[in-house]
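Source file: coords-v9.cif (mmCIF, C-alpha atoms)
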```cif
data_input
loop_
_atom_site.label_atom_id
_atom_site.label_comp_id
_atom_site.auth_asym_id
_atom_site.auth_seq_id
_atom_site.Cartn_x
_atom_site.Cartn_y
_atom_site.Cartn_z
CA MET A 1 35.60 35.72 -21.63
CA ALA A 2 35.22 32.09 -20.50
CA LYS A 3 37.73 30.94 -17.87
CA ALA A 4 38.97 27.35 -17.72
CA TYR A 5 38.68 25.51 -14.37
CA LYS A 6 38.70 22.00 -13.02
CA LEU A 7 35.39 20.76 -11.64
CA VAL A 8 35.89 18.23 -8.86
CA THR A 9 32.75 16.26 -8.03
CA ILE A 10 32.83 14.27 -4.81
CA TYR A 11 30.16 11.62 -4.26
CA CYS A 12 30.22 10.40 -0.68
CA GLU A 13 28.25 9.27 2.35
CA ALA A 14 26.23 12.07 3.90
CA VAL A 15 28.01 11.62 7.24
CA LEU A 16 31.27 12.51 5.50
CA GLU A 17 30.08 15.92 4.34
CA SER A 18 31.38 17.90 7.30
CA LEU A 19 34.77 16.18 7.09
CA VAL A 20 35.09 16.90 3.37
CA VAL A 21 34.11 20.53 3.90
CA ARG A 22 36.80 20.76 6.57
CA GLU A 23 39.37 19.62 3.99
CA LEU A 24 38.07 22.23 1.55
CA ASP A 25 38.53 24.89 4.21
CA LYS A 26 42.09 23.76 4.89
CA LEU A 27 42.91 24.11 1.19
CA GLY A 28 41.44 27.59 1.13
CA ILE A 29 38.70 26.62 -1.32
CA MET A 30 36.07 29.29 -1.05
CA GLY A 31 33.02 27.92 -2.80
CA TYR A 32 31.32 24.59 -3.11
CA THR A 33 27.86 23.20 -3.82
CA VAL A 34 26.31 20.27 -1.96
CA SER A 35 23.27 18.34 -3.06
CA ASP A 36 21.61 15.22 -1.70
CA CYS A 37 21.62 12.23 -3.99
CA ARG A 38 21.07 8.52 -4.03
CA GLY A 39 22.03 5.64 -6.23
CA ARG A 40 24.02 2.44 -6.37
CA GLY A 41 27.72 1.73 -6.29
CA THR A 42 30.32 -0.60 -4.82
CA HIS A 43 28.74 -0.01 -1.38
CA GLY A 44 25.38 -1.27 -2.61
CA VAL A 45 22.15 0.68 -2.98
CA ARG A 46 22.19 4.01 -1.19
CA SER A 47 18.46 4.62 -0.97
CA GLY A 48 18.59 7.96 0.83
CA ASN A 49 15.63 7.05 3.03
CA TRP A 50 17.49 7.92 6.23
CA ARG A 51 20.75 9.59 7.10
CA MET A 52 22.84 6.42 7.21
CA SER A 53 21.94 5.49 3.65
CA SER A 54 22.10 9.01 2.22
CA ASN A 55 24.73 10.29 -0.16
CA VAL A 56 25.78 13.79 -1.04
CA ARG A 57 27.41 15.24 -4.12
CA ILE A 58 29.89 18.02 -3.42
CA GLU A 59 31.01 20.10 -6.38
CA VAL A 60 34.07 22.30 -6.25
CA MET A 61 35.75 24.41 -8.91
CA CYS A 62 39.45 25.08 -8.60
CA ASP A 63 42.73 25.05 -10.52
CA LEU A 64 44.66 21.89 -11.35
CA PRO A 65 47.23 22.00 -8.48
CA THR A 66 44.47 22.59 -5.91
CA SER A 67 42.45 19.69 -7.30
CA ASP A 68 45.52 17.46 -6.90
CA ARG A 69 45.93 18.55 -3.31
CA LEU A 70 42.22 17.98 -2.69
CA LEU A 71 42.45 14.43 -3.98
CA GLU A 72 45.44 13.85 -1.73
CA ALA A 73 43.55 15.22 1.26
CA LEU A 74 40.59 12.95 0.59
CA GLN A 75 42.72 9.82 0.15
CA PRO A 76 42.61 8.77 3.85
CA TYR A 77 38.81 8.56 3.71
CA ASP A 78 38.81 6.35 0.64
CA ARG A 79 39.52 3.12 2.51
CA ASP A 80 36.65 3.15 4.98
CA TYR A 81 33.96 5.29 3.39
CA GLY A 82 31.93 5.23 0.21
CA LEU A 83 33.76 7.91 -1.78
CA LEU A 84 34.12 8.73 -5.45
CA VAL A 85 36.09 11.72 -6.70
CA VAL A 86 35.76 12.81 -10.32
CA ARG A 87 37.58 15.63 -12.08
CA SER A 88 36.50 17.27 -15.31
CA ASP A 89 37.28 20.36 -17.36
CA VAL A 90 34.77 23.17 -17.21
CA GLU A 91 34.50 26.73 -18.42
CA VAL A 92 32.98 29.39 -16.24
CA LEU A 93 31.02 31.76 -18.44
CA ASN A 94 30.20 34.65 -16.22
CA MET B 1 -1.21 -11.43 22.08
CA LYS B 2 -2.64 -7.94 21.64
CA PHE B 3 -0.34 -5.38 20.05
CA ASP B 4 -0.54 -1.65 20.36
CA PRO B 5 -1.66 -0.30 16.96
CA ILE B 6 1.55 1.75 16.60
CA VAL B 7 3.54 -1.48 16.49
CA LEU B 8 1.37 -2.58 13.58
CA PHE B 9 2.51 0.50 11.66
CA PHE B 10 6.04 -0.83 11.96
CA LEU B 11 4.82 -4.15 10.61
CA LEU B 12 3.15 -2.37 7.70
CA GLY B 13 6.45 -0.66 6.92
CA ILE B 14 8.24 -4.01 6.94
CA VAL B 15 5.63 -5.54 4.63
CA ALA B 16 5.93 -2.55 2.27
CA GLY B 17 9.72 -2.81 2.27
CA LEU B 18 9.89 -6.56 1.77
CA SER B 19 7.27 -6.52 -0.98
CA LYS B 20 9.23 -3.79 -2.78
CA SER B 21 6.25 -1.45 -2.71
CA ASP B 22 6.85 2.01 -4.11
CA LEU B 23 6.01 3.50 -0.69
CA LYS B 24 8.79 5.87 0.27
CA ILE B 25 8.77 8.40 3.06
CA PRO B 26 10.81 11.42 2.00
CA ALA B 27 14.04 11.88 3.93
CA ALA B 28 12.91 15.36 4.99
CA ILE B 29 9.82 13.90 6.69
CA TYR B 30 11.97 11.33 8.45
CA GLU B 31 14.22 14.11 9.73
CA ALA B 32 11.26 16.24 10.80
CA LEU B 33 9.61 13.33 12.62
CA SER B 34 12.77 12.42 14.49
CA ILE B 35 13.24 16.06 15.56
CA TYR B 36 9.63 16.16 16.72
CA LEU B 37 9.87 12.91 18.70
CA LEU B 38 13.10 13.88 20.45
CA LEU B 39 11.76 17.31 21.40
CA ALA B 40 8.39 15.98 22.53
CA ILE B 41 9.99 13.30 24.72
CA GLY B 42 12.43 15.82 26.20
CA LEU B 43 9.67 18.35 26.89
CA LYS B 44 7.42 15.83 28.57
CA GLY B 45 10.29 14.61 30.75
CA GLY B 46 11.23 18.19 31.65
CA VAL B 47 7.69 19.03 32.73
CA GLU B 48 7.56 15.90 34.91
CA LEU B 49 11.00 16.68 36.27
CA SER B 50 9.85 20.12 37.39
CA LYS B 51 7.63 18.36 39.94
CA TYR B 52 10.46 16.45 41.62
CA PRO B 53 13.41 17.60 43.71
CA LEU B 54 16.35 17.17 41.36
CA SER B 55 18.80 16.26 44.13
CA GLN B 56 17.07 12.93 44.72
CA LEU B 57 17.75 11.86 41.17
CA VAL B 58 21.51 12.34 41.29
CA SER B 59 22.46 9.18 43.19
CA THR B 60 19.88 7.09 41.30
CA SER B 61 21.23 8.41 38.01
CA ALA B 62 24.77 7.49 39.00
CA VAL B 63 23.75 3.87 39.67
CA VAL B 64 21.69 3.64 36.46
CA LEU B 65 24.59 5.04 34.46
CA ALA B 66 27.26 2.84 36.08
CA VAL B 67 25.25 -0.34 35.54
CA GLY B 68 24.46 0.77 31.98
CA MET B 69 28.15 0.83 31.18
CA VAL B 70 28.44 -2.85 32.08
CA ILE B 71 26.46 -3.66 28.92
CA PRO B 72 29.04 -2.56 26.32
CA LEU B 73 31.85 -3.92 28.50
CA VAL B 74 30.22 -7.37 28.47
CA ALA B 75 29.11 -7.17 24.84
CA PHE B 76 32.58 -6.29 23.54
CA PRO B 77 34.46 -9.46 24.60
CA VAL B 78 31.48 -11.62 23.62
CA LEU B 79 31.44 -10.16 20.10
CA ARG B 80 35.22 -10.13 19.82
CA PHE B 81 36.05 -13.62 21.06
CA LEU B 82 32.84 -15.63 20.77
CA GLY B 83 31.68 -13.96 17.57
CA ARG B 84 35.21 -13.54 16.16
CA LEU B 85 34.41 -10.08 14.88
CA SER B 86 37.14 -7.52 14.29
CA HIS B 87 37.73 -5.28 17.29
CA TYR B 88 36.34 -2.34 15.34
CA ASP B 89 33.06 -4.13 14.67
CA ALA B 90 32.90 -5.50 18.21
CA ALA B 91 33.44 -2.03 19.69
CA SER B 92 30.94 -0.39 17.37
CA ILE B 93 28.22 -2.98 18.04
CA ALA B 94 28.93 -2.84 21.79
CA ALA B 95 28.44 0.94 21.64
CA HIS B 96 25.11 0.53 19.82
CA TYR B 97 23.85 -1.86 22.52
CA GLY B 98 25.18 0.26 25.37
CA SER B 99 23.38 3.30 23.99
CA VAL B 100 19.59 3.50 23.96
CA SER B 101 16.74 3.76 21.49
CA VAL B 102 14.36 6.67 21.91
CA VAL B 103 11.64 5.04 19.85
CA THR B 104 11.80 1.73 21.75
CA TYR B 105 11.43 3.75 24.95
CA SER B 106 8.43 5.62 23.52
CA VAL B 107 6.72 2.40 22.51
CA ALA B 108 7.33 1.00 26.02
CA VAL B 109 5.73 4.14 27.51
CA ALA B 110 2.74 3.68 25.17
CA THR B 111 2.48 0.02 26.19
CA LEU B 112 2.49 0.96 29.88
CA ALA B 113 -0.28 3.49 29.27
CA GLU B 114 -2.29 0.92 27.34
CA ARG B 115 -2.11 -1.52 30.25
CA ASP B 116 -2.68 1.07 32.96
CA VAL B 117 0.73 0.63 34.54
CA SER B 118 1.93 3.92 35.99
CA HIS B 119 5.48 5.22 35.71
CA ASP B 120 7.35 8.39 36.61
CA GLY B 121 8.04 10.94 33.89
CA TYR B 122 11.59 11.52 35.10
CA MET B 123 12.62 8.17 33.59
CA VAL B 124 13.36 10.17 30.47
CA VAL B 125 16.37 11.64 32.27
CA PHE B 126 17.95 8.19 32.19
CA LEU B 127 17.15 7.98 28.48
CA ALA B 128 19.13 11.17 27.91
CA LEU B 129 21.94 10.10 30.23
CA LEU B 130 22.40 6.63 28.77
CA GLU B 131 22.58 7.74 25.17
CA MET B 132 26.13 9.02 25.02
CA PRO B 133 28.58 7.40 27.47
CA ALA B 134 28.45 4.05 25.67
CA LEU B 135 29.42 5.75 22.42
CA ILE B 136 32.54 7.18 24.02
CA LEU B 137 33.27 3.80 25.59
CA GLY B 138 32.91 2.19 22.15
CA VAL B 139 35.49 4.51 20.63
CA ILE B 140 37.91 3.84 23.49
CA LEU B 141 37.47 0.06 23.06
CA ALA B 142 38.13 0.39 19.33
CA ARG B 143 41.29 2.42 19.86
CA LEU B 144 42.64 0.20 22.63
CA GLY B 145 42.21 -2.71 20.22
CA ASP B 146 44.35 -0.80 17.71
CA GLN B 147 47.16 -0.79 20.15
CA ARG B 148 46.96 -4.47 21.06
CA GLU B 149 47.01 -5.49 17.44
CA GLY B 150 50.36 -3.84 16.87
CA GLY B 151 49.13 -0.43 15.85
CA ALA B 152 51.36 2.57 16.33
CA GLY B 153 52.01 3.84 19.83
CA GLY B 154 52.27 2.19 23.20
CA GLY B 155 50.74 2.90 26.58
CA LEU B 156 47.86 5.24 26.29
CA ALA B 157 49.11 6.72 23.03
CA ALA B 158 46.26 5.03 21.22
CA LEU B 159 43.79 7.07 23.22
CA ALA B 160 45.64 10.26 22.42
CA ARG B 161 44.94 9.64 18.75
CA ILE B 162 41.18 9.83 19.23
CA HIS B 163 39.82 13.11 17.93
CA TRP B 164 38.24 13.93 21.26
CA GLY B 165 37.01 17.31 20.14
CA ARG B 166 35.26 15.93 17.10
CA LEU B 167 33.83 13.01 19.07
CA ALA B 168 32.59 15.23 21.90
CA HIS B 169 31.02 17.55 19.38
CA GLU B 170 29.23 14.69 17.61
CA VAL B 171 28.08 13.20 20.91
CA PHE B 172 27.00 16.31 22.81
CA PHE B 173 25.87 18.49 19.95
CA GLY B 174 24.55 15.77 17.69
CA LYS B 175 20.89 16.42 17.15
CA SER B 176 19.55 13.66 19.37
CA ILE B 177 21.24 14.77 22.58
CA LEU B 178 20.81 18.45 21.75
CA LEU B 179 17.06 18.10 21.23
CA LEU B 180 16.51 15.68 24.12
CA ILE B 181 18.41 17.77 26.66
CA GLY B 182 17.15 21.01 25.11
CA GLY B 183 13.55 19.81 25.35
CA LEU B 184 14.15 18.64 28.90
CA LEU B 185 15.43 22.05 29.95
CA ILE B 186 12.62 23.91 28.18
CA GLY B 187 10.08 21.61 29.86
CA LEU B 188 11.78 22.14 33.22
CA VAL B 189 11.63 25.92 32.84
CA ALA B 190 8.10 25.94 31.42
CA GLY B 191 6.55 23.63 33.99
CA GLU B 192 3.00 22.36 33.65
CA ARG B 193 1.51 25.79 32.97
CA GLY B 194 3.96 26.81 30.31
CA TYR B 195 3.65 23.42 28.66
CA GLU B 196 -0.12 23.55 28.39
CA PRO B 197 -0.38 25.86 25.34
CA ILE B 198 2.06 23.76 23.29
CA ALA B 199 0.74 20.43 24.55
CA PRO B 200 -1.70 19.95 21.62
CA VAL B 201 1.28 19.65 19.27
CA PHE B 202 3.76 17.88 21.52
CA LYS B 203 1.44 15.68 23.58
CA GLU B 204 -1.84 15.05 21.78
CA ALA B 205 -0.28 14.43 18.38
CA PHE B 206 2.61 12.40 19.76
CA LYS B 207 1.28 8.90 19.34
CA GLY B 208 0.04 9.45 15.80
CA LEU B 209 3.35 10.88 14.68
CA LEU B 210 5.20 8.08 16.47
CA ALA B 211 3.11 5.68 14.38
CA LEU B 212 4.22 7.45 11.20
CA PHE B 213 7.84 7.28 12.30
CA LEU B 214 7.46 3.57 13.00
CA LEU B 215 6.10 3.09 9.48
CA GLU B 216 9.29 4.67 8.15
CA MET B 217 11.46 2.60 10.52
CA GLY B 218 9.70 -0.51 9.22
CA LEU B 219 10.71 0.45 5.68
CA VAL B 220 14.32 0.99 6.73
CA ALA B 221 14.40 -2.18 8.85
CA ALA B 222 13.06 -4.20 5.90
CA SER B 223 16.09 -3.28 3.84
CA ARG B 224 18.23 -4.65 6.69
CA ILE B 225 16.19 -7.81 7.13
CA ALA B 226 16.67 -8.60 3.45
CA ALA B 227 20.41 -8.84 4.11
CA PHE B 228 19.93 -11.22 7.05
CA ARG B 229 22.02 -14.04 5.68
CA SER B 230 25.14 -11.93 5.45
CA TYR B 231 25.13 -11.15 9.18
CA GLY B 232 25.71 -14.73 10.27
CA ALA B 233 23.79 -16.71 12.85
CA PHE B 234 25.98 -15.49 15.70
CA LEU B 235 25.06 -11.86 15.28
CA VAL B 236 21.35 -12.61 14.94
CA GLY B 237 21.52 -14.70 18.13
CA PHE B 238 23.46 -11.95 19.87
CA ALA B 239 20.85 -9.37 18.84
CA VAL B 240 18.14 -11.40 20.59
CA VAL B 241 19.98 -12.72 23.65
CA MET B 242 21.82 -9.49 24.53
CA PRO B 243 18.64 -7.42 25.06
CA LEU B 244 17.17 -10.17 27.25
CA LEU B 245 20.28 -10.25 29.44
CA SER B 246 20.42 -6.45 29.57
CA ALA B 247 16.76 -6.34 30.58
CA MET B 248 17.45 -8.77 33.44
CA LEU B 249 20.24 -6.47 34.55
CA GLY B 250 17.73 -3.64 34.38
CA ILE B 251 15.19 -5.46 36.54
CA ALA B 252 17.89 -6.31 39.10
CA THR B 253 19.02 -2.66 39.17
CA ALA B 254 15.43 -1.48 39.48
CA ARG B 255 14.93 -3.83 42.42
CA TYR B 256 18.07 -2.53 44.09
CA LEU B 257 16.90 1.06 43.56
CA GLY B 258 13.38 0.28 44.79
CA PHE B 259 11.67 1.21 41.51
CA SER B 260 8.00 0.53 40.85
CA ALA B 261 7.04 -2.04 38.21
CA GLY B 262 6.39 0.66 35.60
CA ASN B 263 9.74 2.37 36.16
CA GLY B 264 11.48 -1.00 36.26
CA ALA B 265 9.96 -2.06 32.95
CA LEU B 266 11.19 1.19 31.40
CA LEU B 267 14.70 0.80 32.82
CA ALA B 268 14.80 -2.79 31.51
CA THR B 269 13.64 -1.51 28.11
CA LEU B 270 16.32 1.19 28.11
CA TYR B 271 19.08 -1.31 28.90
CA ALA B 272 17.69 -3.78 26.36
CA SER B 273 17.33 -1.28 23.53
CA ALA B 274 20.05 -0.60 21.00
CA SER B 275 20.58 2.79 19.44
CA TYR B 276 20.09 3.27 15.74
CA ILE B 277 19.84 7.02 15.37
CA ALA B 278 22.68 8.55 17.39
CA ALA B 279 25.07 5.60 17.50
CA PRO B 280 25.38 4.79 13.78
CA ALA B 281 26.25 8.37 12.84
CA ALA B 282 28.68 8.81 15.74
CA MET B 283 30.38 5.45 15.13
CA ARG B 284 30.64 6.04 11.39
CA ILE B 285 32.67 9.16 12.09
CA ALA B 286 34.67 7.94 15.08
CA VAL B 287 35.32 4.30 14.08
CA PRO B 288 35.18 4.32 10.27
CA GLN B 289 36.82 0.89 10.06
CA ALA B 290 33.72 -0.75 11.54
CA ASN B 291 31.22 -2.09 9.04
CA PRO B 292 27.97 -0.16 9.60
CA ALA B 293 25.94 -2.93 7.95
CA LEU B 294 26.70 -5.24 10.90
CA SER B 295 25.87 -2.84 13.72
CA ILE B 296 22.80 -1.31 12.08
CA GLY B 297 21.67 -4.73 10.87
CA ALA B 298 21.81 -6.10 14.40
CA SER B 299 20.32 -3.11 16.19
CA LEU B 300 17.68 -2.06 13.67
CA GLY B 301 17.12 -5.28 11.75
CA VAL B 302 16.87 -7.67 14.71
CA THR B 303 16.89 -6.06 18.16
CA PHE B 304 14.44 -3.24 17.43
CA PRO B 305 11.67 -5.48 16.01
CA PHE B 306 12.38 -8.07 18.70
CA ASN B 307 11.95 -5.47 21.43
CA LEU B 308 8.82 -4.09 19.82
CA PHE B 309 6.97 -7.37 19.44
CA LEU B 310 8.35 -9.62 22.19
CA GLY B 311 10.85 -7.73 24.32
CA ILE B 312 8.66 -5.00 25.81
CA PRO B 313 5.86 -7.41 26.85
CA ILE B 314 8.50 -9.72 28.39
CA TYR B 315 10.20 -6.85 30.27
CA LEU B 316 6.85 -5.67 31.57
CA TRP B 317 6.03 -9.17 32.72
CA MET B 318 9.42 -9.45 34.44
CA ALA B 319 8.92 -6.08 36.13
CA GLN B 320 5.43 -7.01 37.34
CA THR B 321 6.70 -10.35 38.65
CA PHE B 322 9.82 -9.13 40.46
CA LEU B 323 9.00 -5.55 41.43
CA PRO B 324 6.31 -4.00 43.63
CA ALA B 325 3.35 -2.51 41.75
#
```
Any chance you could give the structure as structure tokens?
Amino acid sequence: MAKAYKLVTIYCEAVLESLVVRELDKLGIMGYTVSDCRGRGTHGVRSGNWRMSSNVRIEVMCDLPTSDRLLEALQPYDRDYGLLVVRSDVEVLN
Amino acid sequence: MKFDPIVLFFLLGIVAGLSKSDLKIPAAIYEALSIYLLLAIGLKGGVELSKYPLSQLVSTSAVVLAVGMVIPLVAFPVLRFLGRLSHYDAASIAAHYGSVSVVTYSVAVATLAERDVSHDGYMVVFLALLEMPALILGVILARLGDQREGGAGGGLAALARIHWGRLAHEVFFGKSILLLIGGLLIGLVAGERGYEPIAPVFKEAFKGLLALFLLEMGLVAASRIAAFRSYGAFLVGFAVVMPLLSAMLGIATARYLGFSAGNGALLATLYASASYIAAPAAMRIAVPQANPALSIGASLGVTFPFNLFLGIPIYLWMAQTFLPA
């Protein structure tokens, strides 16, 4: 039976990864997936050709209240870092 | 003027970047090359170090380190009050210039070899020593600025808000220091005999791989050069004048310490160089308010190419003029 979850996708600077993961740990989130990515946004082109211009995409599945708390925890980073947090509905099939 | 071919690789990278060529060096190769360079430099220094009594280096290191800290302390007020930068940016840029560039050092070593100027291998100890203290100083300058500008807390409360643990971890266990010191220790333990079997990889191949890394740095620097206009004339001027002044400080220190011309040229290069591997990552975490485009633009976009093409030959000339051969 498919279970409904929230998928939170965090696009951020690669240097921020360890800090974001720390927040996930604090919230007791067990699983996450990180992938390298590149692209363009309000912080200009992030070409990914060295660490300082690399981005990562961190995907987390959790329930609605946890996703709210996660957003709250990430808020302090929003001012100074390239950070985009997106939430969507997903169904886990297995 | 005759350039070492490895410098021309950097130029090729710049040309490729500026002409929007599709040349792209995968990030994994960049990472691998930087790991290789740091380890190779550490190892070589360690092997050289095993031939010297360590105790003699302690007092010399203390002087080199103390004088090195003058650089960020001079750069900060210049950037803050002459350049009218925010105290975050001033502190971050000061930290970049106080720290050192491993690749600039390597190119200087290659230049010395090319021109038959001898130097002592233990100079790499200063490279390792100078990398981190300026970063810590930069964070302290940024936080003290917080306090002056009406931030929360009085007295030394501003310093208490620094995440010392996180900063220390980034600085001491960040890959550049870990590999440099790690390589140094392995080289020290291995000595000349233990080093011999691995020398084909870490010694013979070094210059070729350094050339590849410079090609990549040229590509990255080109993306910074394209944004030149946004830095402002002050910062560009700073990025050229600061290394020259730091190099003079280096030559004076080398004279005081009785260094040979080769060692003096390397010390001048170390003082003149600005970090762009360890410092940007550490500053991004520790002083997030600073704009990384300014500090990386100055250190990688201006100072690094300046040192490569003009700086190193000038420092060598200064060393040969003012220091004994």
- Task: For chain B, report every residue with an atom at most 6 Å from chain A (counting all atoms listed in the file), formatted as a list in words.
- Result: Ala27, Pro288 and Gln289 of chain B
- Task: Kindly give the distance, in Å, that separates CA of Pro65 in chain A and CA of Tyr5 in chain A, rounded to a single decimal.
- Result: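 CA of Tyr5 in chain A lies at a distance of 11.0 Å from CA of Pro65 in chain A.
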- Find the distance between CA of Lys6 in chain A and CA of Val56 in chain A and write it in Å to one decimal.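 One can read the CA of Lys6 in chain A to CA of Val56 in chain A distance as 19.4 Å.
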- Message: Neighbouring residues of Leu23 in chain B were defined as those with any atom within 12 Å, considering all atoms listed in the file; residues of the same chain fewer than 2 positions away were excluded. Please report them as JSON, numbers by chain.
- Response: {"A": [49], "B": [12, 13, 14, 15, 16, 17, 18, 19, 20, 21, 25, 26, 215, 216, 218, 219, 220]}
- Query: Can you tell me, as number ranges by chain, what residues are no more than 10 Å from Arg255 in chain B when counting all atoms listed in the file, ignoring any on the same chain fewer than 3 positions away?
  - Reply: B: 249-252, 258-261, 264, 319, 322-324
Using only C-alpha atoms, find each residue of range 30-93 of chain B with at least one atom at most 12 Å away from an atom of range 207-210 of chain B; report its shortest atom-to-atom pair and that distance in Å (one decimal), sort the rows by chain and rising residue number, and return the result as JSON lines.
```
{"residue": "B:Tyr30", "atom": "CA", "partner": "B:Leu209", "partner_atom": "CA", "distance": 10.6}
{"residue": "B:Ala32", "atom": "CA", "partner": "B:Leu209", "partner_atom": "CA", "distance": 10.3}
{"residue": "B:Leu33", "atom": "CA", "partner": "B:Leu209", "partner_atom": "CA", "distance": 7.0}
{"residue": "B:Ser34", "atom": "CA", "partner": "B:Leu210", "partner_atom": "CA", "distance": 8.9}
{"residue": "B:Ile35", "atom": "CA", "partner": "B:Leu209", "partner_atom": "CA", "distance": 11.2}
{"residue": "B:Tyr36", "atom": "CA", "partner": "B:Leu209", "partner_atom": "CA", "distance": 8.5}
{"residue": "B:Leu37", "atom": "CA", "partner": "B:Leu210", "partner_atom": "CA", "distance": 7.1}
{"residue": "B:Leu38", "atom": "CA", "partner": "B:Leu210", "partner_atom": "CA", "distance": 10.6}
{"residue": "B:Ala40", "atom": "CA", "partner": "B:Leu210", "partner_atom": "CA", "distance": 10.5}
{"residue": "B:Ile41", "atom": "CA", "partner": "B:Leu210", "partner_atom": "CA", "distance": 10.9}
```
